[in-house]
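Structure file protein_12.pdb; described as PDB, C-alpha atoms.
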ATOM      1  CA  MET Y   1      28.694  81.193 187.185  1.00  0.00           C
ATOM      2  CA  PRO Y   2      26.644  81.525 184.031  1.00  0.00           C
ATOM      3  CA  GLU Y   3      23.248  79.886 184.008  1.00  0.00           C
ATOM      4  CA  ALA Y   4      22.763  76.716 182.056  1.00  0.00           C
ATOM      5  CA  PRO Y   5      20.464  77.242 179.083  1.00  0.00           C
ATOM      6  CA  GLU Y   6      16.960  75.856 179.399  1.00  0.00           C
ATOM      7  CA  PHE Y   7      16.999  74.044 176.089  1.00  0.00           C
ATOM      8  CA  PRO Y   8      19.999  72.631 174.253  1.00  0.00           C
ATOM      9  CA  TRP Y   9      18.433  73.883 171.000  1.00  0.00           C
ATOM     10  CA  ARG Y  10      19.582  77.390 171.925  1.00  0.00           C
ATOM     11  CA  LEU Y  11      23.215  76.306 171.648  1.00  0.00           C
ATOM     12  CA  ARG Y  12      24.578  76.623 168.121  1.00  0.00           C
ATOM     13  CA  ASP Y  13      27.062  73.781 168.608  1.00  0.00           C
ATOM     14  CA  PHE Y  14      24.283  71.404 169.630  1.00  0.00           C
ATOM     15  CA  ARG Y  15      22.196  72.361 166.595  1.00  0.00           C
ATOM     16  CA  MET Y  16      25.138  71.780 164.283  1.00  0.00           C
ATOM     17  CA  LEU Y  17      25.854  68.383 165.834  1.00  0.00           C
ATOM     18  CA  PHE Y  18      22.205  67.398 165.637  1.00  0.00           C
ATOM     19  CA  ALA Y  19      22.024  68.476 161.975  1.00  0.00           C
ATOM     20  CA  ALA Y  20      25.063  66.359 161.087  1.00  0.00           C
ATOM     21  CA  ALA Y  21      23.477  63.123 162.296  1.00  0.00           C
ATOM     22  CA  PRO Y  22      21.071  62.672 159.326  1.00  0.00           C
ATOM     23  CA  SER Y  23      23.895  63.391 156.896  1.00  0.00           C
ATOM     24  CA  HIS Y  24      26.078  60.719 158.453  1.00  0.00           C
ATOM     25  CA  LEU Y  25      23.166  58.283 158.517  1.00  0.00           C
ATOM     26  CA  GLY Y  26      22.474  58.915 154.831  1.00  0.00           C
ATOM     27  CA  SER Y  27      26.088  58.323 153.893  1.00  0.00           C
ATOM     28  CA  THR Y  28      26.206  55.106 155.876  1.00  0.00           C
ATOM     29  CA  ILE Y  29      23.003  53.827 154.307  1.00  0.00           C
ATOM     30  CA  GLY Y  30      24.361  54.706 150.867  1.00  0.00           C
ATOM     31  CA  TYR Y  31      27.386  52.481 151.394  1.00  0.00           C
ATOM     32  CA  VAL Y  32      25.044  49.553 152.015  1.00  0.00           C
ATOM     33  CA  VAL Y  33      22.194  50.281 149.612  1.00  0.00           C
ATOM     34  CA  ILE Y  34      24.163  50.954 146.418  1.00  0.00           C
ATOM     35  CA  PRO Y  35      25.939  47.562 146.324  1.00  0.00           C
ATOM     36  CA  LEU Y  36      22.735  45.866 147.450  1.00  0.00           C
ATOM     37  CA  LEU Y  37      20.804  47.452 144.584  1.00  0.00           C
ATOM     38  CA  ALA Y  38      23.550  46.478 142.160  1.00  0.00           C
ATOM     39  CA  VAL Y  39      23.303  42.855 143.254  1.00  0.00           C
ATOM     40  CA  THR Y  40      19.509  42.623 143.361  1.00  0.00           C
ATOM     41  CA  ALA Y  41      18.428  44.849 140.472  1.00  0.00           C
ATOM     42  CA  LEU Y  42      21.375  44.526 138.094  1.00  0.00           C
ATOM     43  CA  ASP Y  43      22.412  40.957 138.910  1.00  0.00           C
ATOM     44  CA  ALA Y  44      25.971  42.035 139.678  1.00  0.00           C
ATOM     45  CA  GLY Y  45      28.392  39.384 140.809  1.00  0.00           C
ATOM     46  CA  PRO Y  46      30.722  39.542 143.808  1.00  0.00           C
ATOM     47  CA  GLY Y  47      33.580  40.978 141.753  1.00  0.00           C
ATOM     48  CA  GLN Y  48      31.395  43.697 140.298  1.00  0.00           C
ATOM     49  CA  ALA Y  49      29.984  44.592 143.712  1.00  0.00           C
ATOM     50  CA  GLY Y  50      33.520  44.778 145.093  1.00  0.00           C
ATOM     51  CA  ALA Y  51      34.619  47.000 142.212  1.00  0.00           C
ATOM     52  CA  LEU Y  52      31.630  49.254 142.856  1.00  0.00           C
ATOM     53  CA  ALA Y  53      32.570  49.546 146.518  1.00  0.00           C
ATOM     54  CA  ALA Y  54      36.190  50.307 145.628  1.00  0.00           C
ATOM     55  CA  LEU Y  55      35.202  52.925 143.082  1.00  0.00           C
ATOM     56  CA  SER Y  56      32.907  54.638 145.570  1.00  0.00           C
ATOM     57  CA  THR Y  57      35.962  55.526 147.650  1.00  0.00           C
ATOM     58  CA  ALA Y  58      38.119  56.368 144.627  1.00  0.00           C
ATOM     59  CA  ALA Y  59      36.476  59.786 144.381  1.00  0.00           C
ATOM     60  CA  PHE Y  60      37.868  60.705 147.804  1.00  0.00           C
ATOM     61  CA  LEU Y  61      41.322  59.645 146.646  1.00  0.00           C
ATOM     62  CA  LEU Y  62      41.136  61.472 143.332  1.00  0.00           C
ATOM     63  CA  ILE Y  63      39.778  64.685 144.822  1.00  0.00           C
ATOM     64  CA  GLY Y  64      41.355  64.582 148.284  1.00  0.00           C
ATOM     65  CA  LEU Y  65      44.980  64.199 147.298  1.00  0.00           C
ATOM     66  CA  PRO Y  66      45.126  67.137 144.871  1.00  0.00           C
ATOM     67  CA  ALA Y  67      43.076  69.286 147.250  1.00  0.00           C
ATOM     68  CA  GLY Y  68      45.436  68.496 150.115  1.00  0.00           C
ATOM     69  CA  ALA Y  69      48.485  69.275 148.012  1.00  0.00           C
ATOM     70  CA  TRP Y  70      46.890  72.493 146.755  1.00  0.00           C
ATOM     71  CA  ARG Y  71      46.295  73.764 150.268  1.00  0.00           C
TER      72      ARG Y  71
END
What's the structure tokens form of this structure?
Amino acid sequence: MPEAPEFPWRLRDFRMLFAAAPSHLGSTIGYVVIPLLAVTALDAGPGQAGALAALSTAAFLLIGLPAGAWR
């Protein structure tokens, strides 16, 4: 049986997983902070905040569909 590594930092998969956590956290915070800033700083109404949230996912739709069809 192979020996277990002393530190998980020696495993590339663990380092990649650990590096992805801040990226996911930043994306999640962005989904909350951008509409919150629009409401507090720009005095956006509920409809405008909803449109902002919908448009933030529109980029995935506009880029993802052609990229998937291209592949």
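One finds atom CA of Y:Ile34 at 11.3 Å from atom CA of Y:Gly50.
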Practice task
Find the residues near stretch 54-61 of chain Y: any atom within 10 Å, counting all atoms listed in the file, skip ones fewer than 6 places away on the same chain, and give them as a PyMOL selection string.
Solution key: chain Y and resi 31+34-35+48+67
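Atom CA of Y:Pro8 is positioned 23.9 Å from atom CA of Y:Gly26.
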Practice task
Rank Y:Gly64, Y:Ala53, Y:Ala69, Y:Asp13 by their smallest atom-to-atom distance to Y:Val32, using all atoms listed in the file, and report the top residue only.
Solution key: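 Smallest separation from Y:Val32 among the options: Y:Ala53.
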Handout entry: Point-to-point distance in Å for atom CA of Y:Ser27 and atom CA of Y:Ala49
Key =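 Computed distance, atom CA of Y:Ala49 to atom CA of Y:Ser27, equals 17.5 Å.
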Exercise for the section: Find, counting only C-alpha atoms, the residue in Y:Leu65, Y:Val39, Y:Ala21, Y:Met16 that gets nearest to Y:Leu52. Expected result: Y:Val39
Restore N, CA and C atoms in stretch 2-35 of chain Y and list the result as a PDB file, keeping the file's coordinate frame.
ATOM      1  N   PRO Y   2      27.747  81.292 184.957  1.00  0.00           N
ATOM      2  CA  PRO Y   2      26.644  81.525 184.031  1.00  0.00           C
ATOM      3  C   PRO Y   2      25.581  80.443 184.187  1.00  0.00           C
ATOM      4  N   GLU Y   3      24.353  80.848 183.918  1.00  0.00           N
ATOM      5  CA  GLU Y   3      23.248  79.886 184.008  1.00  0.00           C
ATOM      6  C   GLU Y   3      23.293  78.913 182.848  1.00  0.00           C
ATOM      7  N   ALA Y   4      22.873  77.703 183.121  1.00  0.00           N
ATOM      8  CA  ALA Y   4      22.763  76.716 182.056  1.00  0.00           C
ATOM      9  C   ALA Y   4      21.532  77.049 181.222  1.00  0.00           C
ATOM     10  N   PRO Y   5      21.630  76.936 179.911  1.00  0.00           N
ATOM     11  CA  PRO Y   5      20.464  77.242 179.083  1.00  0.00           C
ATOM     12  C   PRO Y   5      19.338  76.249 179.347  1.00  0.00           C
ATOM     13  N   GLU Y   6      18.112  76.724 179.161  1.00  0.00           N
ATOM     14  CA  GLU Y   6      16.960  75.856 179.399  1.00  0.00           C
ATOM     15  C   GLU Y   6      16.905  74.715 178.390  1.00  0.00           C
ATOM     16  N   PHE Y   7      17.112  75.037 177.140  1.00  0.00           N
ATOM     17  CA  PHE Y   7      16.999  74.044 176.089  1.00  0.00           C
ATOM     18  C   PHE Y   7      18.324  73.944 175.343  1.00  0.00           C
ATOM     19  N   PRO Y   8      18.746  72.739 175.007  1.00  0.00           N
ATOM     20  CA  PRO Y   8      19.999  72.631 174.253  1.00  0.00           C
ATOM     21  C   PRO Y   8      19.870  73.188 172.839  1.00  0.00           C
ATOM     22  N   TRP Y   9      18.639  73.355 172.347  1.00  0.00           N
ATOM     23  CA  TRP Y   9      18.433  73.883 171.000  1.00  0.00           C
ATOM     24  C   TRP Y   9      18.911  75.322 170.872  1.00  0.00           C
ATOM     25  N   ARG Y  10      19.098  76.009 171.980  1.00  0.00           N
ATOM     26  CA  ARG Y  10      19.582  77.390 171.925  1.00  0.00           C
ATOM     27  C   ARG Y  10      21.079  77.457 171.669  1.00  0.00           C
ATOM     28  N   LEU Y  11      21.773  76.354 171.870  1.00  0.00           N
ATOM     29  CA  LEU Y  11      23.215  76.306 171.648  1.00  0.00           C
ATOM     30  C   LEU Y  11      23.500  75.977 170.183  1.00  0.00           C
ATOM     31  N   ARG Y  12      24.282  76.816 169.535  1.00  0.00           N
ATOM     32  CA  ARG Y  12      24.578  76.623 168.121  1.00  0.00           C
ATOM     33  C   ARG Y  12      25.343  75.318 167.887  1.00  0.00           C
ATOM     34  N   ASP Y  13      26.277  75.009 168.765  1.00  0.00           N
ATOM     35  CA  ASP Y  13      27.062  73.781 168.608  1.00  0.00           C
ATOM     36  C   ASP Y  13      26.175  72.545 168.656  1.00  0.00           C
ATOM     37  N   PHE Y  14      25.191  72.541 169.541  1.00  0.00           N
ATOM     38  CA  PHE Y  14      24.283  71.404 169.630  1.00  0.00           C
ATOM     39  C   PHE Y  14      23.457  71.283 168.353  1.00  0.00           C
ATOM     40  N   ARG Y  15      22.992  72.403 167.829  1.00  0.00           N
ATOM     41  CA  ARG Y  15      22.196  72.361 166.595  1.00  0.00           C
ATOM     42  C   ARG Y  15      23.023  71.846 165.426  1.00  0.00           C
ATOM     43  N   MET Y  16      24.275  72.252 165.362  1.00  0.00           N
ATOM     44  CA  MET Y  16      25.138  71.780 164.283  1.00  0.00           C
ATOM     45  C   MET Y  16      25.397  70.276 164.403  1.00  0.00           C
ATOM     46  N   LEU Y  17      25.638  69.812 165.606  1.00  0.00           N
ATOM     47  CA  LEU Y  17      25.854  68.383 165.834  1.00  0.00           C
ATOM     48  C   LEU Y  17      24.599  67.587 165.489  1.00  0.00           C
ATOM     49  N   PHE Y  18      23.456  68.087 165.891  1.00  0.00           N
ATOM     50  CA  PHE Y  18      22.205  67.398 165.637  1.00  0.00           C
ATOM     51  C   PHE Y  18      21.885  67.382 164.146  1.00  0.00           C
ATOM     52  N   ALA Y  19      22.267  68.422 163.417  1.00  0.00           N
ATOM     53  CA  ALA Y  19      22.024  68.476 161.975  1.00  0.00           C
ATOM     54  C   ALA Y  19      22.954  67.541 161.210  1.00  0.00           C
ATOM     55  N   ALA Y  20      24.111  67.233 161.770  1.00  0.00           N
ATOM     56  CA  ALA Y  20      25.063  66.359 161.087  1.00  0.00           C
ATOM     57  C   ALA Y  20      24.666  64.896 161.165  1.00  0.00           C
ATOM     58  N   ALA Y  21      23.850  64.528 162.121  1.00  0.00           N
ATOM     59  CA  ALA Y  21      23.477  63.123 162.296  1.00  0.00           C
ATOM     60  C   ALA Y  21      22.738  62.556 161.087  1.00  0.00           C
ATOM     61  N   PRO Y  22      21.724  63.238 160.510  1.00  0.00           N
ATOM     62  CA  PRO Y  22      21.071  62.672 159.326  1.00  0.00           C
ATOM     63  C   PRO Y  22      22.000  62.553 158.129  1.00  0.00           C
ATOM     64  N   SER Y  23      22.940  63.467 157.993  1.00  0.00           N
ATOM     65  CA  SER Y  23      23.895  63.391 156.896  1.00  0.00           C
ATOM     66  C   SER Y  23      24.772  62.151 157.030  1.00  0.00           C
ATOM     67  N   HIS Y  24      25.248  61.902 158.220  1.00  0.00           N
ATOM     68  CA  HIS Y  24      26.078  60.719 158.453  1.00  0.00           C
ATOM     69  C   HIS Y  24      25.263  59.444 158.245  1.00  0.00           C
ATOM     70  N   LEU Y  25      24.029  59.447 158.696  1.00  0.00           N
ATOM     71  CA  LEU Y  25      23.166  58.283 158.517  1.00  0.00           C
ATOM     72  C   LEU Y  25      22.923  58.022 157.036  1.00  0.00           C
ATOM     73  N   GLY Y  26      22.684  59.078 156.271  1.00  0.00           N
ATOM     74  CA  GLY Y  26      22.474  58.915 154.831  1.00  0.00           C
ATOM     75  C   GLY Y  26      23.694  58.372 154.123  1.00  0.00           C
ATOM     76  N   SER Y  27      24.857  58.826 154.502  1.00  0.00           N
ATOM     77  CA  SER Y  27      26.088  58.323 153.893  1.00  0.00           C
ATOM     78  C   SER Y  27      26.303  56.857 154.225  1.00  0.00           C
ATOM     79  N   THR Y  28      26.032  56.496 155.453  1.00  0.00           N
ATOM     80  CA  THR Y  28      26.206  55.106 155.876  1.00  0.00           C
ATOM     81  C   THR Y  28      25.227  54.199 155.162  1.00  0.00           C
ATOM     82  N   ILE Y  29      23.996  54.626 155.023  1.00  0.00           N
ATOM     83  CA  ILE Y  29      23.003  53.827 154.307  1.00  0.00           C
ATOM     84  C   ILE Y  29      23.396  53.685 152.837  1.00  0.00           C
ATOM     85  N   GLY Y  30      23.938  54.759 152.266  1.00  0.00           N
ATOM     86  CA  GLY Y  30      24.361  54.706 150.867  1.00  0.00           C
ATOM     87  C   GLY Y  30      25.432  53.670 150.616  1.00  0.00           C
ATOM     88  N   TYR Y  31      26.343  53.482 151.562  1.00  0.00           N
ATOM     89  CA  TYR Y  31      27.386  52.481 151.394  1.00  0.00           C
ATOM     90  C   TYR Y  31      26.828  51.060 151.387  1.00  0.00           C
ATOM     91  N   VAL Y  32      25.665  50.872 151.987  1.00  0.00           N
ATOM     92  CA  VAL Y  32      25.044  49.553 152.015  1.00  0.00           C
ATOM     93  C   VAL Y  32      24.072  49.382 150.860  1.00  0.00           C
ATOM     94  N   VAL Y  33      23.282  50.404 150.577  1.00  0.00           N
ATOM     95  CA  VAL Y  33      22.194  50.281 149.612  1.00  0.00           C
ATOM     96  C   VAL Y  33      22.698  50.193 148.174  1.00  0.00           C
ATOM     97  N   ILE Y  34      23.707  50.952 147.814  1.00  0.00           N
ATOM     98  CA  ILE Y  34      24.163  50.954 146.418  1.00  0.00           C
ATOM     99  C   ILE Y  34      24.678  49.577 145.991  1.00  0.00           C
ATOM    100  N   PRO Y  35      25.563  48.921 146.743  1.00  0.00           N
ATOM    101  CA  PRO Y  35      25.939  47.562 146.324  1.00  0.00           C
ATOM    102  C   PRO Y  35      24.771  46.573 146.391  1.00  0.00           C
TER     103      PRO Y  35
END
